[in-house]
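> Have a look at the structure that comes next, please.
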Amino acid sequence: MRLRTWAFCLNEAGQNLWRNPVLAVASITTTTVALLVLGVFLLLSVNVNAIATSIEGQVAVQAFFAQSVPQAQEQQDLQQVRQWSQVRTARFISRDQALQELKKEFGSQATVLDSLGSANPLEDSLSVTAKTPRDVQPLARRLAGLAGVVHTSYQSAVVSRLFALVNAVRYAGLAIGLLLLLGSLLVINNAIRLGMTARRREISIMRLVGATESLVHWPFILEGLILGLVGAVVASGLSFWSYVAVYRSAVRTLPFLPLVDPSPLPRDIALGLLGLGIVLGAVGFRLSVRRLAKV
Amino acid sequence: MISLRNVNKDYPNGVSALRNVELEIGKGEFAFLVGPSGAGKTTLLRLLFREEVPTSGSVIVHGHDVGRMRPRQIPFLRRQIGVVFQDFRLLPQRNVFENVAFALRVTEAQPREIRKRVGQVLELVGLPDRATALPAQLSGGEQQRVALARAMVGRPVLLLADEPTGNLDPQNAQEVMQILLEINRLGTTVVMATHAAHLVDRARQRVIAMDGGSIQRDELAAHYSERVVQ
């Protein structure tokens, strides 16, 4: 189609929206809310995920040797572990070192440990961190199978709860977001259908004077796209700016929280929301296109 | 221009609107379609601009086999046919100029061409100074003239009129009739369905009389009814 024909279609679409302002506002509002909820949950999920990952990354698996195991065997195990593909770092902690660290942790109450005298109840151990959080569990199992290792430990409960939380946030957000998307789809669809009914006469005259079907369709497609797009722009704007605000204040007050940097991430999410808005508008039109044939 | 061969049209509700219709209308002719309501006049016209397809038989309009036409070709047939109705069918929110220009805008004509042609055709129907009026500000006769302008602005080879004077007083009906005859004189084939006996009798053109879905009479320079007017 020529440029002026696009202008014609856009003008027709604009007139439709203008004739039903309440419905246009309703469509835009529901689209905004649906996309905003989706965006917020996405941001939340990405951040909880980042936090969980960073915590899990810090979790080291401890493998303890029996006291009877000779130092040479322990060093041999260490070399072997370092070659495993899942392993990021592996370090040997002798029982003396372990006692020193324990004393440090006790701080002013370290004198309690003096009562042990020269006896050291601790064991030599390997402290191993995994390359990815997913490797932690298999790594622990593998370490337990080493010669001389009597038991292993890592904070599995914390990690699994965190991941449960991540999943809960993700699925809840997805479910609520999808429901709202459905709602906004129906409202957009309704707005377009109303426009078709209101423009019955115009459509029949267009066909009478030889308008092609695409010229009949495009004003409604554009109407759907405009509704979806405006909702998406508002939603992505709101989620972007509010995230930046939250991030700024969080960086100041909770510096230890490894929140995801706002520069690339919300932009991706905003772009995603925009795309989704366009899809919403197009699908909203698609649902009513059969009605158009009957007008 | 128009050739109907053994055309039948049955509607899903069982009504047989056309039965074995055979009809030839040549280029540049003027033909009245007359007959009582339900005779099949409107159905015949609707077949010609492909608003309906025949149940059987062939309908050829300006070289197009209308019954076997692909849906995507329909717009291009309609650009060669102007249609006016009893109820004018103007767009109430648009002024006269825009109502007429609408027919050209949907065919992606140049804006300058649109201005030129709309001006010419408003001249033809005698409304050059009403371009900015809204349909509601016009009389019925003026509205029908706008509808005629819209039908003619694309320079169709064929003009179909379905009771164009049905809603008009005798004076306005006469004026619209004069415009239709003028359009025909300029070379456009015109087919007009009507109940207005006095217009038919005065025009002395071809009369195709229908009843019960078939053609009963087809005469040149004829009267509305068969009985001879003294």
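Residue numbering restarts at 1 for every chain of the structure tokens, chains are lettered A, B, ... in their displayed order, and ligands are numbered from 1 as they appear.
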Enumerate, in order of chain and increasing residue number, the residues of chain A with an atom no farther than 9 Å from chain B, each with its shortest atom pair and distance in Å to one decimal, counting only C-alpha atoms, as CSV.

residue,atom,partner,partner_atom,distance
A:Met1,CA,B:Glu108,CA,8.1
A:Arg2,CA,B:Glu108,CA,7.3
A:Arg4,CA,B:Glu108,CA,7.7
A:Thr5,CA,B:Glu108,CA,6.3
A:Phe8,CA,B:Arg105,CA,7.9
A:Arg201,CA,B:Leu91,CA,7.4
A:Glu202,CA,B:Leu91,CA,6.6
A:Ile205,CA,B:Arg89,CA,7.4
A:Met206,CA,B:Val106,CA,6.9
A:Arg207,CA,B:Pro75,CA,7.0
A:Leu208,CA,B:Arg78,CA,6.6
A:Val209,CA,B:Ala103,CA,5.4
A:Gly210,CA,B:Pro75,CA,3.9
A:Ala211,CA,B:Val106,CA,5.1
A:Thr212,CA,B:Pro75,CA,5.6
A:Glu213,CA,B:Arg72,CA,7.7
A:Leu215,CA,B:Val106,CA,7.2
> What is the distance between CA of Phe85 (chain B) and CA of Leu159 (chain B), in Å to one decimal?
11.1 Å
> Hey, what's within 7 Å of Ile25 (chain B) if we count only C-alpha atoms and toss same-chain stuff fewer than 5 positions away? As number ranges by chain, please?
B: 1-3
> Would you write out those residues with all heavy atoms, as a short mmCIF file (atom, residue, chain, number, x, y, z; two decimals), in the first residue's frame?

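Done, and the output landed in result-v5.cif:
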data_model
loop_
_atom_site.label_atom_id
_atom_site.label_comp_id
_atom_site.auth_asym_id
_atom_site.auth_seq_id
_atom_site.Cartn_x
_atom_site.Cartn_y
_atom_site.Cartn_z
N MET B 1 -22.00 -5.53 -22.85
CA MET B 1 -21.71 -5.05 -21.49
C MET B 1 -22.21 -6.04 -20.43
O MET B 1 -21.51 -6.42 -19.53
CB MET B 1 -22.38 -3.67 -21.29
CG MET B 1 -22.25 -3.10 -19.91
SD MET B 1 -20.54 -2.85 -19.40
CE MET B 1 -19.98 -1.70 -20.64
N ILE B 2 -23.49 -6.43 -20.58
CA ILE B 2 -24.08 -7.36 -19.63
C ILE B 2 -24.69 -8.53 -20.41
O ILE B 2 -25.40 -8.32 -21.40
CB ILE B 2 -25.20 -6.69 -18.81
CG1 ILE B 2 -24.62 -5.55 -17.97
CG2 ILE B 2 -25.92 -7.71 -17.91
CD1 ILE B 2 -25.69 -4.68 -17.33
N SER B 3 -24.39 -9.74 -19.95
CA SER B 3 -24.95 -10.90 -20.62
C SER B 3 -25.30 -11.96 -19.58
O SER B 3 -24.42 -12.47 -18.90
CB SER B 3 -23.92 -11.44 -21.62
OG SER B 3 -24.34 -12.69 -22.09
#
> Please measure the separation of CA of Leu10 (chain A) and CA of Leu23 (chain A), giving the value in Å to one decimal.
18.0 Å
> Give me the residues within 12 Å of Gly145 (chain A) as a PDB file with all heavy atoms, in the first residue's frame, counting only C-alpha atoms and dropping any in the same chain fewer than 5 places off.

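Generated output (selection.pdb):
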ATOM      1  N   ALA A  63      34.419 -31.759  52.389  1.00  0.00           N
ATOM      2  CA  ALA A  63      34.602 -33.218  52.449  1.00  0.00           C
ATOM      3  C   ALA A  63      35.614 -33.525  53.556  1.00  0.00           C
ATOM      4  O   ALA A  63      36.750 -33.046  53.510  1.00  0.00           O
ATOM      5  CB  ALA A  63      35.089 -33.731  51.105  1.00  0.00           C
ATOM      6  N   PHE A  64      35.191 -34.240  54.564  1.00  0.00           N
ATOM      7  CA  PHE A  64      36.045 -34.500  55.727  1.00  0.00           C
ATOM      8  C   PHE A  64      36.699 -35.869  55.621  1.00  0.00           C
ATOM      9  O   PHE A  64      36.046 -36.852  55.246  1.00  0.00           O
ATOM     10  CB  PHE A  64      35.215 -34.409  57.016  1.00  0.00           C
ATOM     11  CG  PHE A  64      34.638 -33.035  57.231  1.00  0.00           C
ATOM     12  CD1 PHE A  64      33.341 -32.747  56.832  1.00  0.00           C
ATOM     13  CD2 PHE A  64      35.383 -32.030  57.818  1.00  0.00           C
ATOM     14  CE1 PHE A  64      32.795 -31.486  57.003  1.00  0.00           C
ATOM     15  CE2 PHE A  64      34.849 -30.747  58.002  1.00  0.00           C
ATOM     16  CZ  PHE A  64      33.550 -30.479  57.600  1.00  0.00           C
ATOM     17  N   PHE A  65      38.026 -35.887  55.975  1.00  0.00           N
ATOM     18  CA  PHE A  65      38.774 -37.153  55.946  1.00  0.00           C
ATOM     19  C   PHE A  65      38.751 -37.793  57.324  1.00  0.00           C
ATOM     20  O   PHE A  65      38.705 -37.095  58.350  1.00  0.00           O
ATOM     21  CB  PHE A  65      40.232 -36.900  55.555  1.00  0.00           C
ATOM     22  CG  PHE A  65      40.379 -36.429  54.124  1.00  0.00           C
ATOM     23  CD1 PHE A  65      40.652 -35.098  53.841  1.00  0.00           C
ATOM     24  CD2 PHE A  65      40.240 -37.322  53.064  1.00  0.00           C
ATOM     25  CE1 PHE A  65      40.795 -34.668  52.539  1.00  0.00           C
ATOM     26  CE2 PHE A  65      40.382 -36.884  51.763  1.00  0.00           C
ATOM     27  CZ  PHE A  65      40.665 -35.564  51.493  1.00  0.00           C
ATOM     28  N   ASP A  77      44.050 -36.864  46.673  1.00  0.00           N
ATOM     29  CA  ASP A  77      42.622 -36.590  46.441  1.00  0.00           C
ATOM     30  C   ASP A  77      42.422 -35.151  45.960  1.00  0.00           C
ATOM     31  O   ASP A  77      41.647 -34.887  45.033  1.00  0.00           O
ATOM     32  CB  ASP A  77      41.812 -36.802  47.732  1.00  0.00           C
ATOM     33  CG  ASP A  77      41.575 -38.280  48.003  1.00  0.00           C
ATOM     34  OD1 ASP A  77      41.927 -39.100  47.126  1.00  0.00           O
ATOM     35  OD2 ASP A  77      41.058 -38.604  49.081  1.00  0.00           O
ATOM     36  N   VAL A  81      40.547 -33.988  42.626  1.00  0.00           N
ATOM     37  CA  VAL A  81      39.328 -33.171  42.651  1.00  0.00           C
ATOM     38  C   VAL A  81      39.488 -31.941  41.761  1.00  0.00           C
ATOM     39  O   VAL A  81      38.566 -31.537  41.046  1.00  0.00           O
ATOM     40  CB  VAL A  81      38.989 -32.763  44.101  1.00  0.00           C
ATOM     41  CG1 VAL A  81      37.920 -31.661  44.110  1.00  0.00           C
ATOM     42  CG2 VAL A  81      38.504 -33.957  44.895  1.00  0.00           C
ATOM     43  N   PRO A 138      25.546 -32.945  42.822  1.00  0.00           N
ATOM     44  CA  PRO A 138      26.346 -34.070  42.285  1.00  0.00           C
ATOM     45  C   PRO A 138      27.785 -34.038  42.780  1.00  0.00           C
ATOM     46  O   PRO A 138      28.383 -35.104  43.013  1.00  0.00           O
ATOM     47  CB  PRO A 138      26.277 -33.872  40.774  1.00  0.00           C
ATOM     48  CG  PRO A 138      25.536 -32.623  40.524  1.00  0.00           C
ATOM     49  CD  PRO A 138      24.874 -32.188  41.762  1.00  0.00           C
ATOM     50  N   LEU A 139      28.297 -32.822  42.955  1.00  0.00           N
ATOM     51  CA  LEU A 139      29.676 -32.701  43.430  1.00  0.00           C
ATOM     52  C   LEU A 139      29.823 -33.297  44.833  1.00  0.00           C
ATOM     53  O   LEU A 139      30.766 -34.043  45.128  1.00  0.00           O
ATOM     54  CB  LEU A 139      30.072 -31.223  43.435  1.00  0.00           C
ATOM     55  CG  LEU A 139      31.529 -30.920  43.759  1.00  0.00           C
ATOM     56  CD1 LEU A 139      32.448 -31.580  42.743  1.00  0.00           C
ATOM     57  CD2 LEU A 139      31.770 -29.409  43.785  1.00  0.00           C
ATOM     58  N   ALA A 140      28.827 -32.993  45.686  1.00  0.00           N
ATOM     59  CA  ALA A 140      28.864 -33.519  47.052  1.00  0.00           C
ATOM     60  C   ALA A 140      28.842 -35.047  47.023  1.00  0.00           C
ATOM     61  O   ALA A 140      29.573 -35.717  47.759  1.00  0.00           O
ATOM     62  CB  ALA A 140      27.672 -32.987  47.842  1.00  0.00           C
ATOM     63  N   VAL A 150      35.050 -39.399  54.968  1.00  0.00           N
ATOM     64  CA  VAL A 150      34.029 -40.029  55.817  1.00  0.00           C
ATOM     65  C   VAL A 150      32.658 -39.383  55.676  1.00  0.00           C
ATOM     66  O   VAL A 150      31.643 -40.050  55.677  1.00  0.00           O
ATOM     67  CB  VAL A 150      34.437 -40.054  57.313  1.00  0.00           C
ATOM     68  CG1 VAL A 150      35.451 -41.170  57.540  1.00  0.00           C
ATOM     69  CG2 VAL A 150      34.963 -38.715  57.754  1.00  0.00           C
ATOM     70  N   HIS A 151      32.632 -38.046  55.545  1.00  0.00           N
ATOM     71  CA  HIS A 151      31.336 -37.433  55.251  1.00  0.00           C
ATOM     72  C   HIS A 151      31.505 -36.088  54.557  1.00  0.00           C
ATOM     73  O   HIS A 151      32.603 -35.504  54.573  1.00  0.00           O
ATOM     74  CB  HIS A 151      30.470 -37.295  56.514  1.00  0.00           C
ATOM     75  CG  HIS A 151      30.976 -36.286  57.494  1.00  0.00           C
ATOM     76  ND1 HIS A 151      31.925 -36.571  58.453  1.00  0.00           N
ATOM     77  CD2 HIS A 151      30.665 -34.982  57.650  1.00  0.00           C
ATOM     78  CE1 HIS A 151      32.172 -35.483  59.154  1.00  0.00           C
ATOM     79  NE2 HIS A 151      31.433 -34.512  58.696  1.00  0.00           N
ATOM     80  N   THR A 152      30.426 -35.633  53.941  1.00  0.00           N
ATOM     81  CA  THR A 152      30.466 -34.336  53.270  1.00  0.00           C
ATOM     82  C   THR A 152      29.337 -33.495  53.841  1.00  0.00           C
ATOM     83  O   THR A 152      28.368 -34.033  54.387  1.00  0.00           O
ATOM     84  CB  THR A 152      30.222 -34.470  51.765  1.00  0.00           C
ATOM     85  OG1 THR A 152      28.962 -35.077  51.574  1.00  0.00           O
ATOM     86  CG2 THR A 152      31.298 -35.287  51.086  1.00  0.00           C
TER      87      THR A 152
END
> Please identify which residues in region 36-95 of chain A DSSP calls alpha helix (DSSP H) from the backbone, and express them as a PyMOL selection string.
chain A and resi 36-58+71-82+95
> Taking N, CA, C and O atoms for each residue, export the selection above as a compact mmCIF listing (two decimals), in the first residue's frame.

# COMPACT_ATOMS: atom_id res chain seq x y z
N LEU A 36 2.25 -4.87 33.17
CA LEU A 36 2.99 -4.39 34.34
C LEU A 36 3.21 -5.54 35.33
O LEU A 36 4.32 -5.75 35.83
N VAL A 37 2.13 -6.29 35.60
CA VAL A 37 2.26 -7.41 36.53
C VAL A 37 3.28 -8.41 35.99
O VAL A 37 4.16 -8.87 36.71
N LEU A 38 3.18 -8.68 34.71
CA LEU A 38 4.13 -9.60 34.10
C LEU A 38 5.56 -9.08 34.25
O LEU A 38 6.47 -9.82 34.61
N GLY A 39 5.72 -7.80 33.99
CA GLY A 39 7.04 -7.19 34.08
C GLY A 39 7.59 -7.23 35.50
O GLY A 39 8.76 -7.58 35.71
N VAL A 40 6.75 -6.89 36.47
CA VAL A 40 7.20 -6.88 37.86
C VAL A 40 7.61 -8.29 38.28
O VAL A 40 8.67 -8.49 38.89
N PHE A 41 6.81 -9.27 37.93
CA PHE A 41 7.16 -10.64 38.31
C PHE A 41 8.42 -11.11 37.59
O PHE A 41 9.23 -11.82 38.16
N LEU A 42 8.57 -10.68 36.37
CA LEU A 42 9.79 -11.03 35.64
C LEU A 42 11.01 -10.46 36.35
O LEU A 42 12.00 -11.16 36.59
N LEU A 43 10.91 -9.18 36.71
CA LEU A 43 12.03 -8.53 37.40
C LEU A 43 12.31 -9.22 38.73
O LEU A 43 13.45 -9.47 39.10
N LEU A 44 11.23 -9.51 39.45
CA LEU A 44 11.36 -10.16 40.75
C LEU A 44 12.04 -11.52 40.58
O LEU A 44 12.98 -11.87 41.30
N SER A 45 11.55 -12.26 39.60
CA SER A 45 12.06 -13.60 39.39
C SER A 45 13.53 -13.57 38.98
O SER A 45 14.35 -14.35 39.48
N VAL A 46 13.88 -12.65 38.10
CA VAL A 46 15.27 -12.54 37.67
C VAL A 46 16.17 -12.21 38.86
O VAL A 46 17.25 -12.78 39.02
N ASN A 47 15.68 -11.32 39.72
CA ASN A 47 16.50 -10.92 40.86
C ASN A 47 16.60 -12.00 41.92
O ASN A 47 17.68 -12.24 42.46
N VAL A 48 15.48 -12.64 42.23
CA VAL A 48 15.54 -13.73 43.21
C VAL A 48 16.46 -14.82 42.69
O VAL A 48 17.26 -15.40 43.42
N ASN A 49 16.37 -15.05 41.41
CA ASN A 49 17.23 -16.03 40.77
C ASN A 49 18.71 -15.65 40.94
O ASN A 49 19.55 -16.47 41.29
N ALA A 50 18.98 -14.36 40.70
CA ALA A 50 20.37 -13.88 40.81
C ALA A 50 20.87 -14.03 42.24
O ALA A 50 22.01 -14.45 42.48
N ILE A 51 19.99 -13.69 43.18
CA ILE A 51 20.38 -13.79 44.60
C ILE A 51 20.64 -15.25 44.96
O ILE A 51 21.67 -15.60 45.56
N ALA A 52 19.72 -16.12 44.55
CA ALA A 52 19.88 -17.53 44.86
C ALA A 52 21.17 -18.08 44.26
O ALA A 52 21.92 -18.80 44.90
N THR A 53 21.41 -17.70 43.03
CA THR A 53 22.60 -18.19 42.35
C THR A 53 23.86 -17.72 43.06
O THR A 53 24.80 -18.49 43.27
N SER A 54 23.84 -16.46 43.47
CA SER A 54 25.05 -15.95 44.10
C SER A 54 25.27 -16.60 45.46
O SER A 54 26.40 -16.91 45.83
N ILE A 55 24.17 -16.86 46.17
CA ILE A 55 24.32 -17.53 47.47
C ILE A 55 24.80 -18.96 47.25
O ILE A 55 25.72 -19.43 47.91
N GLU A 56 24.20 -19.61 46.27
CA GLU A 56 24.57 -20.99 46.04
C GLU A 56 26.03 -21.10 45.58
O GLU A 56 26.74 -22.03 45.95
N GLY A 57 26.44 -20.12 44.78
CA GLY A 57 27.81 -20.11 44.32
C GLY A 57 28.79 -20.02 45.48
O GLY A 57 29.91 -20.52 45.41
N GLN A 58 28.34 -19.36 46.53
CA GLN A 58 29.22 -19.22 47.70
C GLN A 58 29.24 -20.48 48.56
O GLN A 58 30.07 -20.63 49.45
N GLN A 71 48.46 -37.95 55.07
CA GLN A 71 48.50 -36.67 54.33
C GLN A 71 48.72 -36.87 52.84
O GLN A 71 48.12 -36.16 52.03
N ALA A 72 49.53 -37.82 52.48
CA ALA A 72 49.83 -38.05 51.06
C ALA A 72 48.55 -38.40 50.29
O ALA A 72 48.31 -37.89 49.19
N GLN A 73 47.73 -39.26 50.92
CA GLN A 73 46.45 -39.64 50.30
C GLN A 73 45.55 -38.42 50.11
O GLN A 73 44.94 -38.23 49.06
N GLU A 74 45.53 -37.57 51.17
CA GLU A 74 44.68 -36.37 51.11
C GLU A 74 45.11 -35.44 49.98
O GLU A 74 44.29 -34.92 49.22
N GLN A 75 46.45 -35.26 49.83
CA GLN A 75 46.96 -34.39 48.75
C GLN A 75 46.64 -34.98 47.38
O GLN A 75 46.30 -34.24 46.44
N GLN A 76 46.72 -36.30 47.32
CA GLN A 76 46.41 -36.96 46.06
C GLN A 76 44.94 -36.72 45.67
O GLN A 76 44.62 -36.42 44.52
N ASP A 77 44.05 -36.86 46.67
CA ASP A 77 42.62 -36.59 46.44
C ASP A 77 42.42 -35.15 45.96
O ASP A 77 41.65 -34.89 45.03
N LEU A 78 43.12 -34.21 46.61
CA LEU A 78 42.99 -32.79 46.25
C LEU A 78 43.33 -32.58 44.77
O LEU A 78 42.58 -31.92 44.04
N GLN A 79 44.46 -33.18 44.34
CA GLN A 79 44.87 -33.02 42.94
C GLN A 79 43.80 -33.60 42.01
O GLN A 79 43.47 -33.01 40.97
N GLN A 80 43.27 -34.75 42.44
CA GLN A 80 42.26 -35.41 41.62
C GLN A 80 41.01 -34.53 41.48
O GLN A 80 40.50 -34.32 40.39
N VAL A 81 40.55 -33.99 42.63
CA VAL A 81 39.33 -33.17 42.65
C VAL A 81 39.49 -31.94 41.76
O VAL A 81 38.57 -31.54 41.05
N ARG A 82 40.68 -31.35 41.80
CA ARG A 82 40.91 -30.14 41.01
C ARG A 82 40.72 -30.38 39.51
O ARG A 82 40.49 -29.45 38.75
N ARG A 95 43.59 -29.86 59.84
CA ARG A 95 42.84 -29.73 61.09
C ARG A 95 43.35 -28.58 61.94
O ARG A 95 42.58 -27.95 62.66
> When you look at Arg19 (chain B) with a cut-off of 7 Å (counting only C-alpha atoms), what residues show up, excluding the ones that are within fewer than 2 positions of it in the same chain? I need them as a list of chain:residue names.
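So the residues in contact are B:Val7, B:Asn8, B:Lys9, B:Ser16, B:Ala17, B:Val21, B:Gly213, B:Ser214.
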> Excluding Arg117 (chain B) and residues on its chain fewer than 4 positions from it, collect all residues at most 10 Å away from it, counting only C-alpha atoms, and give them as a list in words.
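Once the adjacent positions are removed, what remains is Val100, Ala101, Leu104, Pro111, Arg112, Glu113, Val121, Leu122, Glu123, Ala149, Met152, Val153, Gly154 and Arg155 of chain B.
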> Let me see the file: selected residues, N, CA, C and O atoms, as a PDB file, in the first residue's frame.

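Result file is part_17.pdb:
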ATOM      1  N   VAL B 100     -17.674  11.824  -1.659  1.00  0.00           N
ATOM      2  CA  VAL B 100     -17.398  11.493  -3.058  1.00  0.00           C
ATOM      3  C   VAL B 100     -15.953  11.010  -3.202  1.00  0.00           C
ATOM      4  O   VAL B 100     -15.675  10.024  -3.888  1.00  0.00           O
ATOM      5  N   ALA B 101     -15.043  11.708  -2.507  1.00  0.00           N
ATOM      6  CA  ALA B 101     -13.619  11.370  -2.612  1.00  0.00           C
ATOM      7  C   ALA B 101     -13.337   9.971  -2.062  1.00  0.00           C
ATOM      8  O   ALA B 101     -12.390   9.305  -2.484  1.00  0.00           O
ATOM      9  N   LEU B 104     -12.557   7.282  -4.367  1.00  0.00           N
ATOM     10  CA  LEU B 104     -11.250   7.324  -5.016  1.00  0.00           C
ATOM     11  C   LEU B 104     -10.137   7.007  -4.027  1.00  0.00           C
ATOM     12  O   LEU B 104      -9.125   6.408  -4.383  1.00  0.00           O
ATOM     13  N   PRO B 111      -3.931  12.461  -4.676  1.00  0.00           N
ATOM     14  CA  PRO B 111      -4.755  13.523  -4.084  1.00  0.00           C
ATOM     15  C   PRO B 111      -5.152  14.608  -5.103  1.00  0.00           C
ATOM     16  O   PRO B 111      -6.278  15.086  -5.089  1.00  0.00           O
ATOM     17  N   ARG B 112      -4.223  14.959  -5.996  1.00  0.00           N
ATOM     18  CA  ARG B 112      -4.547  16.011  -6.961  1.00  0.00           C
ATOM     19  C   ARG B 112      -5.626  15.530  -7.929  1.00  0.00           C
ATOM     20  O   ARG B 112      -6.565  16.253  -8.259  1.00  0.00           O
ATOM     21  N   GLU B 113      -5.481  14.280  -8.339  1.00  0.00           N
ATOM     22  CA  GLU B 113      -6.460  13.653  -9.216  1.00  0.00           C
ATOM     23  C   GLU B 113      -7.828  13.603  -8.519  1.00  0.00           C
ATOM     24  O   GLU B 113      -8.860  13.858  -9.142  1.00  0.00           O
ATOM     25  N   VAL B 121     -17.227  15.927 -11.023  1.00  0.00           N
ATOM     26  CA  VAL B 121     -18.424  15.109 -10.883  1.00  0.00           C
ATOM     27  C   VAL B 121     -19.492  15.854 -10.065  1.00  0.00           C
ATOM     28  O   VAL B 121     -20.689  15.690 -10.294  1.00  0.00           O
ATOM     29  N   LEU B 122     -19.058  16.733  -9.136  1.00  0.00           N
ATOM     30  CA  LEU B 122     -20.041  17.554  -8.411  1.00  0.00           C
ATOM     31  C   LEU B 122     -20.695  18.550  -9.365  1.00  0.00           C
ATOM     32  O   LEU B 122     -21.877  18.882  -9.232  1.00  0.00           O
ATOM     33  N   GLU B 123     -19.922  18.990 -10.339  1.00  0.00           N
ATOM     34  CA  GLU B 123     -20.453  19.854 -11.397  1.00  0.00           C
ATOM     35  C   GLU B 123     -21.535  19.101 -12.175  1.00  0.00           C
ATOM     36  O   GLU B 123     -22.626  19.608 -12.422  1.00  0.00           O
ATOM     37  N   ALA B 149     -22.793  11.207  -7.582  1.00  0.00           N
ATOM     38  CA  ALA B 149     -21.441  11.721  -7.812  1.00  0.00           C
ATOM     39  C   ALA B 149     -20.416  10.689  -7.357  1.00  0.00           C
ATOM     40  O   ALA B 149     -19.428  10.427  -8.045  1.00  0.00           O
ATOM     41  N   MET B 152     -20.150   7.917  -9.789  1.00  0.00           N
ATOM     42  CA  MET B 152     -19.580   8.271 -11.084  1.00  0.00           C
ATOM     43  C   MET B 152     -18.125   8.714 -11.028  1.00  0.00           C
ATOM     44  O   MET B 152     -17.462   8.785 -12.061  1.00  0.00           O
ATOM     45  N   VAL B 153     -17.630   9.031  -9.823  1.00  0.00           N
ATOM     46  CA  VAL B 153     -16.317   9.665  -9.734  1.00  0.00           C
ATOM     47  C   VAL B 153     -15.199   8.735 -10.207  1.00  0.00           C
ATOM     48  O   VAL B 153     -14.159   9.187 -10.678  1.00  0.00           O
ATOM     49  N   GLY B 154     -15.431   7.444 -10.125  1.00  0.00           N
ATOM     50  CA  GLY B 154     -14.421   6.492 -10.603  1.00  0.00           C
ATOM     51  C   GLY B 154     -14.526   6.215 -12.102  1.00  0.00           C
ATOM     52  O   GLY B 154     -13.851   5.344 -12.614  1.00  0.00           O
ATOM     53  N   ARG B 155     -15.379   6.974 -12.781  1.00  0.00           N
ATOM     54  CA  ARG B 155     -15.621   6.811 -14.227  1.00  0.00           C
ATOM     55  C   ARG B 155     -15.969   5.368 -14.591  1.00  0.00           C
ATOM     56  O   ARG B 155     -15.266   4.709 -15.363  1.00  0.00           O
TER      57      ARG B 155
END
> Contacts of Ala193 (chain B) at 6 Å or less, counting only C-alpha atoms, minus same-chain residues fewer than 5 places along, as a short mmCIF file (atom, residue, chain, number, x, y, z; two decimals) with N, CA and C atoms, in the first residue's frame?

data_model
loop_
_atom_site.label_atom_id
_atom_site.label_comp_id
_atom_site.auth_asym_id
_atom_site.auth_seq_id
_atom_site.Cartn_x
_atom_site.Cartn_y
_atom_site.Cartn_z
N PHE B 32 -34.54 0.30 -18.12
CA PHE B 32 -35.32 0.28 -16.87
C PHE B 32 -35.65 -1.16 -16.52
N LEU B 33 -35.55 -1.47 -15.22
CA LEU B 33 -36.05 -2.76 -14.72
C LEU B 33 -37.32 -2.44 -13.96
N VAL B 34 -38.44 -2.95 -14.42
CA VAL B 34 -39.69 -2.64 -13.71
C VAL B 34 -40.38 -3.94 -13.30
N ASP B 162 -30.74 1.29 -7.94
CA ASP B 162 -31.84 0.51 -7.38
C ASP B 162 -32.87 1.45 -6.75
N GLU B 163 -33.91 1.73 -7.46
CA GLU B 163 -34.95 2.67 -7.04
C GLU B 163 -34.37 3.98 -6.54
#
> Would you please give, as a list of chain:residue names, all residues of region 100-206 of chain A that DSSP assigns to strand (DSSP E or B) based on the backbone?
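Secondary structure check on region 100-206 of chain A, strand (DSSP E or B): A:Ser125, A:Leu126, A:Ser127, A:Val128, A:Thr129, A:Ala130, A:Val149, A:Val150, A:His151, A:Thr152, A:Ser153.
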> So, counting only C-alpha atoms, which residue among B:Ala31, B:Leu124, B:Ile179, B:Asn95 is closest to Leu160 (chain B)?
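Of B:Ala31, B:Leu124, B:Ile179, B:Asn95, the one nearest Leu160 (chain B) is B:Ala31, counting only C-alpha atoms.
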> Using Å and a single decimal, report how far CA of Ser127 (chain A) sits from CA of Ala90 (chain A).
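These atoms are spaced 5.7 Å apart.
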